[in-house]
Protein chains: 2
Amino acid sequence: MGPIRALLSDAELTEQQWRVLRVVQESGDIDPTQISERACLLLPSLTRILQKLDDRGLIERQKDLEDRRRQIIRITPAGEQIIDDNLGASLAVIAQTRAKMGAEKYEALLDLLNELNRSEPSKAD
Amino acid sequence: MGPIRALLSDAELTEQQWRVLRVVQESGDIDPTQISERACLLLPSLTRILQKLDDRGLIERQKDLEDRRRQIIRITPAGEQIIDDNLGASLAVIAQTRAKMGAEKYEALLDLLNELNRSEPSKAD
DNA sequence: AGATAATACTTAACATGTGTAGCAAAAATT
DNA sequence: AATTTTTGCTACACATGTTAAGTATTATCT
């Protein structure tokens, strides 16, 4: 099993839920569209994830009074607690993977993936 | 949408179904476990995919008489036809991606992904 | 102003990823 | 030979990926 998944299963969180929670925590007040961009999730997936995180009280939502289509998402103390409990181990797993592969190769891989991501999505030559 | 997905949607095939079909076509008689290895799919996913391909008559199954836990999977003429109809365009998309990124970078990316794959799965240092 | 289009989601439907459990058959053990 | 373990799948449950459709609200156009 993916080492990150193993970590998070104790907290009853999936990797994507964890990613969303981290984005919300790092960004402060943020709306779903921006979360979806930063977490690389499509909106339908994000909708479901936010519902689950909301049900568990890890985030809270507030309607945007100026544009009532929008919401503002924010992490709760319970959500912060889960971040605190798992961030260290999560970063350690990443560091271990990076070390195992070699820092240079790891960075090269990330660069190439970003390049692929830039060159593929818009097929408009 | 992924260019391969767009291609295959005409044939009502998903990318994974396509991958399985290609593995079966290239390998001749083959059992599900080997398909799952070559197509990088876990068995529960493969089970469902094989059922769908079987329902559509693109593959056929035969019981292994020597080991009755096993099956032998084989592509049908209808399956071959779908390969014939889509292989060229599929290879062209791959070639285009490769060209767009640059052959060297593309190869480097594949190498690094393989390396990551080798170093991660077994966390047994 | 009123019709139209665009935006920000949400819902739905289907396919796959993934962990767990189940089941039959074969292999290994005692 | 009888029991246990392993193997090769299959079934289930839940989460996400993905496309299409729906809804409410805002922006634009005429």
# chains A, B, ... in the order shown; residues from 1 in each chain; ligands from 1
>>> calpha_fit_and_write(fixed="chain B", moving="chain A", output="compact mmCIF listing (two decimals) with N, CA, C and O atoms, in the first residue's frame")
# COMPACT_ATOMS: atom_id res chain seq x y z
N MET A 1 -10.11 16.74 -22.71
CA MET A 1 -10.14 15.29 -22.49
C MET A 1 -8.87 14.67 -23.04
O MET A 1 -8.31 15.14 -24.01
N GLY A 2 -8.44 13.61 -22.40
CA GLY A 2 -7.26 12.91 -22.89
C GLY A 2 -7.48 12.47 -24.32
O GLY A 2 -8.54 11.95 -24.65
N PRO A 3 -6.49 12.74 -25.16
CA PRO A 3 -6.67 12.46 -26.59
C PRO A 3 -6.92 10.97 -26.87
O PRO A 3 -7.63 10.62 -27.80
N ILE A 4 -6.36 10.11 -26.04
CA ILE A 4 -6.60 8.68 -26.24
C ILE A 4 -8.05 8.35 -25.89
O ILE A 4 -8.72 7.60 -26.59
N ARG A 5 -8.50 8.96 -24.80
CA ARG A 5 -9.90 8.72 -24.40
C ARG A 5 -10.85 9.17 -25.51
O ARG A 5 -11.83 8.50 -25.80
N ALA A 6 -10.54 10.32 -26.09
CA ALA A 6 -11.40 10.84 -27.15
C ALA A 6 -11.47 9.85 -28.31
O ALA A 6 -12.53 9.57 -28.86
N LEU A 7 -10.32 9.32 -28.66
CA LEU A 7 -10.24 8.32 -29.73
C LEU A 7 -11.12 7.12 -29.44
O LEU A 7 -11.91 6.67 -30.26
N LEU A 8 -10.97 6.61 -28.22
CA LEU A 8 -11.60 5.34 -27.89
C LEU A 8 -13.09 5.48 -27.61
O LEU A 8 -13.83 4.51 -27.68
N SER A 9 -13.51 6.70 -27.31
CA SER A 9 -14.93 6.86 -26.99
C SER A 9 -15.79 6.51 -28.20
O SER A 9 -16.93 6.08 -28.04
N ASP A 10 -15.26 6.68 -29.37
CA ASP A 10 -16.01 6.26 -30.56
C ASP A 10 -16.26 4.76 -30.54
O ASP A 10 -17.31 4.28 -30.94
N ALA A 11 -15.26 4.03 -30.07
CA ALA A 11 -15.38 2.57 -30.04
C ALA A 11 -16.03 2.10 -28.74
O ALA A 11 -16.11 0.91 -28.48
N GLU A 12 -16.46 3.04 -27.90
CA GLU A 12 -17.09 2.69 -26.63
C GLU A 12 -16.13 1.90 -25.74
O GLU A 12 -16.54 0.96 -25.07
N LEU A 13 -14.89 2.27 -25.79
CA LEU A 13 -13.89 1.59 -24.97
C LEU A 13 -13.23 2.60 -24.05
O LEU A 13 -12.99 3.74 -24.45
N THR A 14 -12.94 2.18 -22.83
CA THR A 14 -12.14 3.03 -21.96
C THR A 14 -10.67 2.74 -22.21
O THR A 14 -10.30 1.76 -22.85
N GLU A 15 -9.82 3.60 -21.64
CA GLU A 15 -8.38 3.40 -21.81
C GLU A 15 -7.93 2.07 -21.25
O GLU A 15 -7.10 1.37 -21.84
N GLN A 16 -8.46 1.71 -20.09
CA GLN A 16 -8.04 0.46 -19.46
C GLN A 16 -8.53 -0.75 -20.25
O GLN A 16 -7.80 -1.74 -20.39
N GLN A 17 -9.76 -0.65 -20.74
CA GLN A 17 -10.26 -1.75 -21.56
C GLN A 17 -9.39 -1.92 -22.80
O GLN A 17 -9.05 -3.03 -23.21
N TRP A 18 -9.03 -0.80 -23.37
CA TRP A 18 -8.15 -0.81 -24.54
C TRP A 18 -6.81 -1.44 -24.19
O TRP A 18 -6.28 -2.26 -24.94
N ARG A 19 -6.25 -1.08 -23.05
CA ARG A 19 -4.96 -1.63 -22.66
C ARG A 19 -5.05 -3.14 -22.48
O ARG A 19 -4.19 -3.88 -22.94
N VAL A 20 -6.12 -3.58 -21.83
CA VAL A 20 -6.29 -5.02 -21.64
C VAL A 20 -6.44 -5.73 -22.98
O VAL A 20 -5.82 -6.77 -23.22
N LEU A 21 -7.23 -5.14 -23.83
CA LEU A 21 -7.44 -5.76 -25.14
C LEU A 21 -6.13 -5.87 -25.91
O LEU A 21 -5.83 -6.90 -26.52
N ARG A 22 -5.32 -4.83 -25.82
CA ARG A 22 -4.03 -4.87 -26.52
C ARG A 22 -3.11 -5.93 -25.92
O ARG A 22 -2.41 -6.63 -26.65
N VAL A 23 -3.10 -6.02 -24.60
CA VAL A 23 -2.25 -7.04 -23.96
C VAL A 23 -2.69 -8.43 -24.41
O VAL A 23 -1.86 -9.28 -24.75
N VAL A 24 -4.00 -8.66 -24.42
CA VAL A 24 -4.50 -9.97 -24.82
C VAL A 24 -4.16 -10.25 -26.28
O VAL A 24 -3.76 -11.36 -26.64
N GLN A 25 -4.28 -9.21 -27.08
CA GLN A 25 -3.99 -9.42 -28.51
C GLN A 25 -2.51 -9.73 -28.74
O GLN A 25 -2.16 -10.61 -29.51
N GLU A 26 -1.66 -9.01 -28.02
CA GLU A 26 -0.22 -9.20 -28.22
C GLU A 26 0.28 -10.51 -27.62
O GLU A 26 1.27 -11.08 -28.07
N SER A 27 -0.40 -10.96 -26.57
CA SER A 27 0.13 -12.11 -25.83
C SER A 27 -0.45 -13.43 -26.27
O SER A 27 0.04 -14.49 -25.87
N GLY A 28 -1.51 -13.41 -27.06
CA GLY A 28 -2.16 -14.67 -27.39
C GLY A 28 -2.81 -15.22 -26.14
O GLY A 28 -3.24 -14.46 -25.29
N ASP A 29 -2.89 -16.53 -26.01
CA ASP A 29 -3.53 -17.12 -24.84
C ASP A 29 -2.80 -16.69 -23.58
O ASP A 29 -1.59 -16.84 -23.48
N ILE A 30 -3.56 -16.18 -22.63
CA ILE A 30 -2.94 -15.63 -21.42
C ILE A 30 -3.96 -15.68 -20.29
O ILE A 30 -5.16 -15.62 -20.53
N ASP A 31 -3.46 -15.80 -19.08
CA ASP A 31 -4.40 -15.86 -17.95
C ASP A 31 -4.48 -14.49 -17.27
O ASP A 31 -3.62 -13.65 -17.42
N PRO A 32 -5.55 -14.28 -16.51
CA PRO A 32 -5.81 -12.97 -15.90
C PRO A 32 -4.65 -12.44 -15.06
O PRO A 32 -4.35 -11.24 -15.11
N THR A 33 -4.01 -13.29 -14.30
CA THR A 33 -2.91 -12.81 -13.46
C THR A 33 -1.81 -12.17 -14.31
O THR A 33 -1.30 -11.10 -13.97
N GLN A 34 -1.48 -12.81 -15.40
CA GLN A 34 -0.44 -12.25 -16.26
C GLN A 34 -0.91 -10.97 -16.95
O GLN A 34 -0.15 -10.02 -17.13
N ILE A 35 -2.17 -10.95 -17.31
CA ILE A 35 -2.70 -9.72 -17.91
C ILE A 35 -2.57 -8.57 -16.91
O ILE A 35 -2.15 -7.47 -17.26
N SER A 36 -2.93 -8.86 -15.66
CA SER A 36 -2.91 -7.79 -14.66
C SER A 36 -1.50 -7.24 -14.49
O SER A 36 -1.31 -6.04 -14.32
N GLU A 37 -0.51 -8.11 -14.57
CA GLU A 37 0.87 -7.63 -14.46
C GLU A 37 1.25 -6.76 -15.64
O GLU A 37 1.81 -5.68 -15.48
N ARG A 38 0.94 -7.24 -16.83
CA ARG A 38 1.36 -6.49 -18.03
C ARG A 38 0.58 -5.21 -18.21
O ARG A 38 1.09 -4.24 -18.76
N ALA A 39 -0.67 -5.21 -17.76
CA ALA A 39 -1.48 -4.00 -17.96
C ALA A 39 -1.44 -3.10 -16.74
O ALA A 39 -2.09 -2.04 -16.72
N CYS A 40 -0.69 -3.51 -15.72
CA CYS A 40 -0.62 -2.71 -14.49
C CYS A 40 -2.01 -2.46 -13.90
O CYS A 40 -2.40 -1.31 -13.65
N LEU A 41 -2.74 -3.54 -13.72
CA LEU A 41 -4.06 -3.44 -13.11
C LEU A 41 -4.16 -4.45 -11.98
O LEU A 41 -3.62 -5.54 -12.08
N LEU A 42 -4.85 -4.09 -10.93
CA LEU A 42 -5.09 -5.05 -9.87
C LEU A 42 -6.19 -6.01 -10.33
O LEU A 42 -7.02 -5.67 -11.17
N LEU A 43 -6.19 -7.19 -9.74
CA LEU A 43 -7.12 -8.21 -10.20
C LEU A 43 -8.59 -7.81 -10.10
O LEU A 43 -9.37 -8.14 -11.01
N PRO A 44 -9.02 -7.16 -9.03
CA PRO A 44 -10.44 -6.78 -9.00
C PRO A 44 -10.85 -5.89 -10.17
O PRO A 44 -11.92 -6.06 -10.74
N SER A 45 -9.98 -4.96 -10.54
CA SER A 45 -10.29 -4.13 -11.71
C SER A 45 -10.31 -4.99 -12.97
O SER A 45 -11.21 -4.87 -13.81
N LEU A 46 -9.34 -5.85 -13.07
CA LEU A 46 -9.26 -6.67 -14.28
C LEU A 46 -10.47 -7.58 -14.41
O LEU A 46 -11.00 -7.77 -15.52
N THR A 47 -10.91 -8.14 -13.31
CA THR A 47 -12.10 -9.01 -13.35
C THR A 47 -13.26 -8.30 -14.01
O THR A 47 -13.91 -8.83 -14.91
N ARG A 48 -13.50 -7.05 -13.56
CA ARG A 48 -14.63 -6.32 -14.12
C ARG A 48 -14.42 -6.03 -15.60
O ARG A 48 -15.36 -6.11 -16.41
N ILE A 49 -13.19 -5.65 -15.94
CA ILE A 49 -12.93 -5.31 -17.34
C ILE A 49 -13.10 -6.53 -18.24
O ILE A 49 -13.70 -6.45 -19.31
N LEU A 50 -12.59 -7.66 -17.78
CA LEU A 50 -12.74 -8.88 -18.59
C LEU A 50 -14.21 -9.25 -18.76
O LEU A 50 -14.61 -9.71 -19.83
N GLN A 51 -14.98 -9.03 -17.73
CA GLN A 51 -16.41 -9.33 -17.85
C GLN A 51 -17.05 -8.47 -18.94
O GLN A 51 -17.85 -8.95 -19.75
N LYS A 52 -16.68 -7.19 -18.93
CA LYS A 52 -17.27 -6.31 -19.94
C LYS A 52 -16.81 -6.69 -21.34
O LYS A 52 -17.61 -6.71 -22.29
N LEU A 53 -15.54 -6.96 -21.48
CA LEU A 53 -15.02 -7.33 -22.81
C LEU A 53 -15.64 -8.65 -23.27
O LEU A 53 -15.92 -8.83 -24.46
N ASP A 54 -15.87 -9.53 -22.31
CA ASP A 54 -16.49 -10.81 -22.64
C ASP A 54 -17.94 -10.60 -23.08
O ASP A 54 -18.39 -11.13 -24.10
N ASP A 55 -18.66 -9.78 -22.31
CA ASP A 55 -20.05 -9.49 -22.66
C ASP A 55 -20.17 -8.92 -24.07
O ASP A 55 -21.12 -9.19 -24.79
N ARG A 56 -19.19 -8.11 -24.44
CA ARG A 56 -19.24 -7.50 -25.77
C ARG A 56 -18.64 -8.39 -26.85
O ARG A 56 -18.56 -7.99 -28.01
N GLY A 57 -18.17 -9.56 -26.43
CA GLY A 57 -17.66 -10.50 -27.42
C GLY A 57 -16.30 -10.13 -27.98
O GLY A 57 -15.94 -10.58 -29.07
N LEU A 58 -15.54 -9.33 -27.24
CA LEU A 58 -14.22 -8.92 -27.76
C LEU A 58 -13.12 -9.88 -27.32
O LEU A 58 -12.04 -9.91 -27.91
N ILE A 59 -13.42 -10.64 -26.26
CA ILE A 59 -12.49 -11.70 -25.84
C ILE A 59 -13.31 -12.96 -25.57
O ILE A 59 -14.53 -12.90 -25.49
N GLU A 60 -12.62 -14.07 -25.43
CA GLU A 60 -13.31 -15.28 -24.98
C GLU A 60 -12.47 -15.95 -23.92
O GLU A 60 -11.25 -15.77 -23.84
N ARG A 61 -13.14 -16.72 -23.07
CA ARG A 61 -12.47 -17.37 -21.94
C ARG A 61 -12.61 -18.87 -22.10
O ARG A 61 -13.62 -19.37 -22.57
N GLN A 62 -11.59 -19.57 -21.60
CA GLN A 62 -11.62 -21.01 -21.68
C GLN A 62 -11.05 -21.51 -20.37
O GLN A 62 -10.06 -20.99 -19.86
N LYS A 63 -11.69 -22.50 -19.79
CA LYS A 63 -11.18 -23.01 -18.53
C LYS A 63 -9.91 -23.81 -18.76
O LYS A 63 -9.80 -24.54 -19.74
N ASP A 64 -9.00 -23.65 -17.84
CA ASP A 64 -7.76 -24.43 -17.91
C ASP A 64 -8.04 -25.79 -17.29
O ASP A 64 -8.38 -25.91 -16.12
N LEU A 65 -7.91 -26.84 -18.09
CA LEU A 65 -8.30 -28.17 -17.61
C LEU A 65 -7.28 -28.75 -16.64
O LEU A 65 -7.59 -29.62 -15.83
N GLU A 66 -6.05 -28.24 -16.71
CA GLU A 66 -5.03 -28.79 -15.83
C GLU A 66 -5.07 -28.14 -14.45
O GLU A 66 -4.68 -28.75 -13.46
N ASP A 67 -5.48 -26.89 -14.40
CA ASP A 67 -5.61 -26.20 -13.11
C ASP A 67 -6.94 -25.45 -13.17
O ASP A 67 -7.03 -24.38 -13.76
N ARG A 68 -7.92 -26.00 -12.53
CA ARG A 68 -9.26 -25.47 -12.74
C ARG A 68 -9.53 -24.17 -12.02
O ARG A 68 -10.64 -23.65 -12.07
N ARG A 69 -8.51 -23.63 -11.34
CA ARG A 69 -8.65 -22.28 -10.82
C ARG A 69 -8.41 -21.28 -11.94
O ARG A 69 -8.86 -20.14 -11.90
N ARG A 70 -7.66 -21.69 -12.92
CA ARG A 70 -7.20 -20.78 -13.97
C ARG A 70 -8.13 -20.73 -15.18
O ARG A 70 -8.88 -21.64 -15.46
N GLN A 71 -8.01 -19.59 -15.90
CA GLN A 71 -8.71 -19.46 -17.16
C GLN A 71 -7.68 -19.08 -18.22
O GLN A 71 -6.61 -18.58 -17.91
N ILE A 72 -8.08 -19.24 -19.45
CA ILE A 72 -7.24 -18.77 -20.54
C ILE A 72 -8.05 -17.76 -21.33
O ILE A 72 -9.20 -18.02 -21.70
N ILE A 73 -7.46 -16.58 -21.51
CA ILE A 73 -8.15 -15.50 -22.22
C ILE A 73 -7.56 -15.36 -23.61
O ILE A 73 -6.35 -15.52 -23.80
N ARG A 74 -8.42 -15.01 -24.54
CA ARG A 74 -7.99 -14.92 -25.94
C ARG A 74 -8.84 -13.86 -26.62
O ARG A 74 -9.99 -13.67 -26.27
N ILE A 75 -8.28 -13.16 -27.56
CA ILE A 75 -9.04 -12.13 -28.28
C ILE A 75 -9.90 -12.79 -29.36
O ILE A 75 -9.53 -13.84 -29.89
N THR A 76 -11.04 -12.18 -29.65
CA THR A 76 -11.90 -12.71 -30.71
C THR A 76 -11.69 -11.90 -31.99
O THR A 76 -11.04 -10.85 -31.96
N PRO A 77 -12.23 -12.36 -33.10
CA PRO A 77 -12.14 -11.57 -34.34
C PRO A 77 -12.73 -10.17 -34.15
O PRO A 77 -12.18 -9.18 -34.65
N ALA A 78 -13.84 -10.07 -33.43
CA ALA A 78 -14.42 -8.74 -33.18
C ALA A 78 -13.43 -7.86 -32.41
O ALA A 78 -13.31 -6.66 -32.67
N GLY A 79 -12.73 -8.47 -31.47
CA GLY A 79 -11.73 -7.72 -30.73
C GLY A 79 -10.57 -7.29 -31.62
O GLY A 79 -10.11 -6.15 -31.55
N GLU A 80 -10.13 -8.19 -32.46
CA GLU A 80 -9.06 -7.87 -33.41
C GLU A 80 -9.47 -6.69 -34.28
O GLU A 80 -8.67 -5.80 -34.58
N GLN A 81 -10.73 -6.70 -34.67
CA GLN A 81 -11.22 -5.64 -35.55
C GLN A 81 -11.10 -4.28 -34.87
O GLN A 81 -10.69 -3.29 -35.47
N ILE A 82 -11.44 -4.25 -33.57
CA ILE A 82 -11.35 -2.98 -32.84
C ILE A 82 -9.90 -2.52 -32.73
O ILE A 82 -9.59 -1.33 -32.85
N ILE A 83 -9.00 -3.48 -32.53
CA ILE A 83 -7.58 -3.12 -32.51
C ILE A 83 -7.18 -2.51 -33.86
O ILE A 83 -6.57 -1.44 -33.92
N ASP A 84 -7.56 -3.20 -34.92
CA ASP A 84 -7.21 -2.71 -36.25
C ASP A 84 -7.74 -1.30 -36.48
O ASP A 84 -7.07 -0.46 -37.07
N ASP A 85 -8.94 -1.07 -36.01
CA ASP A 85 -9.57 0.22 -36.27
C ASP A 85 -8.96 1.37 -35.49
O ASP A 85 -9.13 2.52 -35.85
N ASN A 86 -8.27 1.05 -34.39
CA ASN A 86 -7.84 2.14 -33.51
C ASN A 86 -6.35 2.20 -33.22
O ASN A 86 -5.88 3.20 -32.66
N LEU A 87 -5.63 1.17 -33.59
CA LEU A 87 -4.22 1.13 -33.20
C LEU A 87 -3.42 2.25 -33.84
O LEU A 87 -2.61 2.91 -33.18
N GLY A 88 -3.67 2.49 -35.09
CA GLY A 88 -2.90 3.52 -35.80
C GLY A 88 -3.05 4.87 -35.15
O GLY A 88 -2.05 5.52 -34.81
N ALA A 89 -4.28 5.26 -34.92
CA ALA A 89 -4.52 6.58 -34.33
C ALA A 89 -3.94 6.64 -32.91
O ALA A 89 -3.41 7.66 -32.49
N SER A 90 -4.05 5.52 -32.20
CA SER A 90 -3.51 5.49 -30.85
C SER A 90 -2.01 5.69 -30.84
O SER A 90 -1.46 6.48 -30.06
N LEU A 91 -1.33 4.99 -31.72
CA LEU A 91 0.13 5.14 -31.80
C LEU A 91 0.50 6.55 -32.24
O LEU A 91 1.50 7.11 -31.79
N ALA A 92 -0.33 7.13 -33.08
CA ALA A 92 -0.06 8.49 -33.55
C ALA A 92 -0.13 9.49 -32.40
O ALA A 92 0.67 10.41 -32.31
N VAL A 93 -1.10 9.29 -31.52
CA VAL A 93 -1.22 10.19 -30.37
C VAL A 93 0.03 10.10 -29.49
O VAL A 93 0.57 11.11 -29.05
N ILE A 94 0.46 8.86 -29.28
CA ILE A 94 1.66 8.67 -28.47
C ILE A 94 2.86 9.34 -29.13
O ILE A 94 3.64 10.04 -28.47
N ALA A 95 2.97 9.14 -30.43
CA ALA A 95 4.10 9.73 -31.15
C ALA A 95 4.05 11.25 -31.08
O ALA A 95 5.07 11.91 -30.93
N GLN A 96 2.83 11.77 -31.12
CA GLN A 96 2.70 13.23 -31.09
C GLN A 96 3.13 13.78 -29.73
O GLN A 96 3.84 14.78 -29.63
N THR A 97 2.68 13.10 -28.68
CA THR A 97 3.07 13.53 -27.34
C THR A 97 4.58 13.49 -27.19
O THR A 97 5.21 14.41 -26.66
N ARG A 98 5.13 12.41 -27.68
CA ARG A 98 6.58 12.23 -27.58
C ARG A 98 7.32 13.34 -28.33
O ARG A 98 8.30 13.90 -27.85
N ALA A 99 6.80 13.65 -29.50
CA ALA A 99 7.47 14.66 -30.32
C ALA A 99 7.33 16.04 -29.68
O ALA A 99 8.26 16.84 -29.66
N LYS A 100 6.14 16.28 -29.14
CA LYS A 100 5.85 17.59 -28.56
C LYS A 100 6.77 17.87 -27.38
O LYS A 100 7.22 18.99 -27.17
N MET A 101 7.02 16.83 -26.64
CA MET A 101 7.84 16.97 -25.45
C MET A 101 9.32 16.89 -25.79
O MET A 101 10.18 17.40 -25.06
N GLY A 102 9.61 16.24 -26.87
CA GLY A 102 10.99 15.95 -27.23
C GLY A 102 11.31 14.52 -26.86
O GLY A 102 11.06 14.10 -25.73
N ALA A 103 11.86 13.79 -27.80
CA ALA A 103 12.08 12.35 -27.61
C ALA A 103 12.95 12.07 -26.39
O ALA A 103 12.68 11.17 -25.61
N GLU A 104 13.98 12.89 -26.21
CA GLU A 104 14.89 12.62 -25.09
C GLU A 104 14.22 12.82 -23.74
O GLU A 104 14.35 12.00 -22.84
N LYS A 105 13.49 13.89 -23.62
CA LYS A 105 12.78 14.14 -22.36
C LYS A 105 11.74 13.06 -22.12
O LYS A 105 11.53 12.62 -20.99
N TYR A 106 11.10 12.68 -23.19
CA TYR A 106 10.07 11.65 -23.07
C TYR A 106 10.67 10.35 -22.55
O TYR A 106 10.17 9.75 -21.60
N GLU A 107 11.78 9.97 -23.12
CA GLU A 107 12.44 8.74 -22.67
C GLU A 107 12.93 8.89 -21.23
O GLU A 107 12.84 7.97 -20.42
N ALA A 108 13.45 10.07 -20.94
CA ALA A 108 13.95 10.32 -19.58
C ALA A 108 12.81 10.19 -18.58
O ALA A 108 12.97 9.60 -17.50
N LEU A 109 11.66 10.71 -18.96
CA LEU A 109 10.50 10.62 -18.08
C LEU A 109 10.11 9.17 -17.83
O LEU A 109 9.90 8.75 -16.68
N LEU A 110 10.06 8.39 -18.89
CA LEU A 110 9.70 6.98 -18.72
C LEU A 110 10.72 6.27 -17.83
O LEU A 110 10.36 5.47 -16.97
N ASP A 111 11.99 6.58 -18.04
CA ASP A 111 13.03 5.95 -17.21
C ASP A 111 12.83 6.29 -15.74
O ASP A 111 12.91 5.43 -14.87
N LEU A 112 12.60 7.56 -15.48
CA LEU A 112 12.45 7.99 -14.08
C LEU A 112 11.21 7.37 -13.45
O LEU A 112 11.23 6.99 -12.28
N LEU A 113 10.16 7.26 -14.24
CA LEU A 113 8.95 6.64 -13.69
C LEU A 113 9.20 5.17 -13.37
O LEU A 113 8.76 4.66 -12.33
N ASN A 114 9.92 4.50 -14.24
CA ASN A 114 10.24 3.10 -13.96
C ASN A 114 11.09 2.98 -12.71
O ASN A 114 10.90 2.07 -11.90
N GLU A 115 11.99 3.92 -12.57
CA GLU A 115 12.85 3.88 -11.39
C GLU A 115 12.04 4.11 -10.12
O GLU A 115 12.21 3.41 -9.12
N LEU A 116 11.16 5.07 -10.19
CA LEU A 116 10.28 5.31 -9.04
C LEU A 116 9.46 4.07 -8.71
O LEU A 116 9.31 3.68 -7.55
N ASN A 117 8.99 3.44 -9.75
CA ASN A 117 8.18 2.23 -9.57
C ASN A 117 8.99 1.10 -8.94
O ASN A 117 8.48 0.35 -8.11
N ARG A 118 10.24 1.02 -9.31
CA ARG A 118 11.09 -0.03 -8.73
C ARG A 118 11.41 0.27 -7.27
O ARG A 118 11.48 -0.62 -6.44
N SER A 119 11.62 1.56 -6.96
CA SER A 119 12.10 1.88 -5.62
C SER A 119 10.97 2.01 -4.60
O SER A 119 11.20 1.88 -3.41
N GLU A 120 9.75 2.22 -5.06
CA GLU A 120 8.66 2.45 -4.12
C GLU A 120 7.90 1.19 -3.66
O GLU A 120 7.72 1.00 -2.47
N PRO A 121 7.44 0.37 -4.58
CA PRO A 121 6.47 -0.66 -4.19
C PRO A 121 6.90 -1.51 -3.01
O PRO A 121 6.13 -1.72 -2.09
N SER A 122 8.12 -2.00 -3.01
CA SER A 122 8.58 -2.79 -1.87
C SER A 122 9.34 -1.89 -0.93
O SER A 122 10.48 -1.52 -1.17
N LYS A 123 8.68 -1.55 0.15
CA LYS A 123 9.33 -0.63 1.08
C LYS A 123 10.38 -1.34 1.92
O LYS A 123 10.99 -0.75 2.81
N ALA A 124 10.56 -2.65 1.66
CA ALA A 124 11.55 -3.41 2.42
C ALA A 124 12.95 -2.97 2.02
O ALA A 124 13.50 -3.42 1.04
N ASP A 125 13.51 -2.08 2.81
CA ASP A 125 14.87 -1.60 2.52
C ASP A 125 15.82 -2.77 2.56
O ASP A 125 16.74 -2.86 3.18
>>> interface_residues(of="chain C", to="chain B", cutoff="8 Å", atoms="only C-alpha atoms (C1' of nucleotides)", output="PyMOL selection string")
chain C and resi 16-17+24-26
>>> atom_distance(atom1="atom C1' of DT11 of chain C", atom2="atom C1' of DT23 of chain D")
9.8 Å
>>> select_by_dssp(residues="segment 22-120 of chain B", states="strand (DSSP E)", output="count of residues only")
10
>>> closest_residue(among="C:DA15, C:DA21, C:DT29, C:DA5", to="DT19 of chain D", atoms="only C-alpha atoms (C1' of nucleotides)")
C:DA15
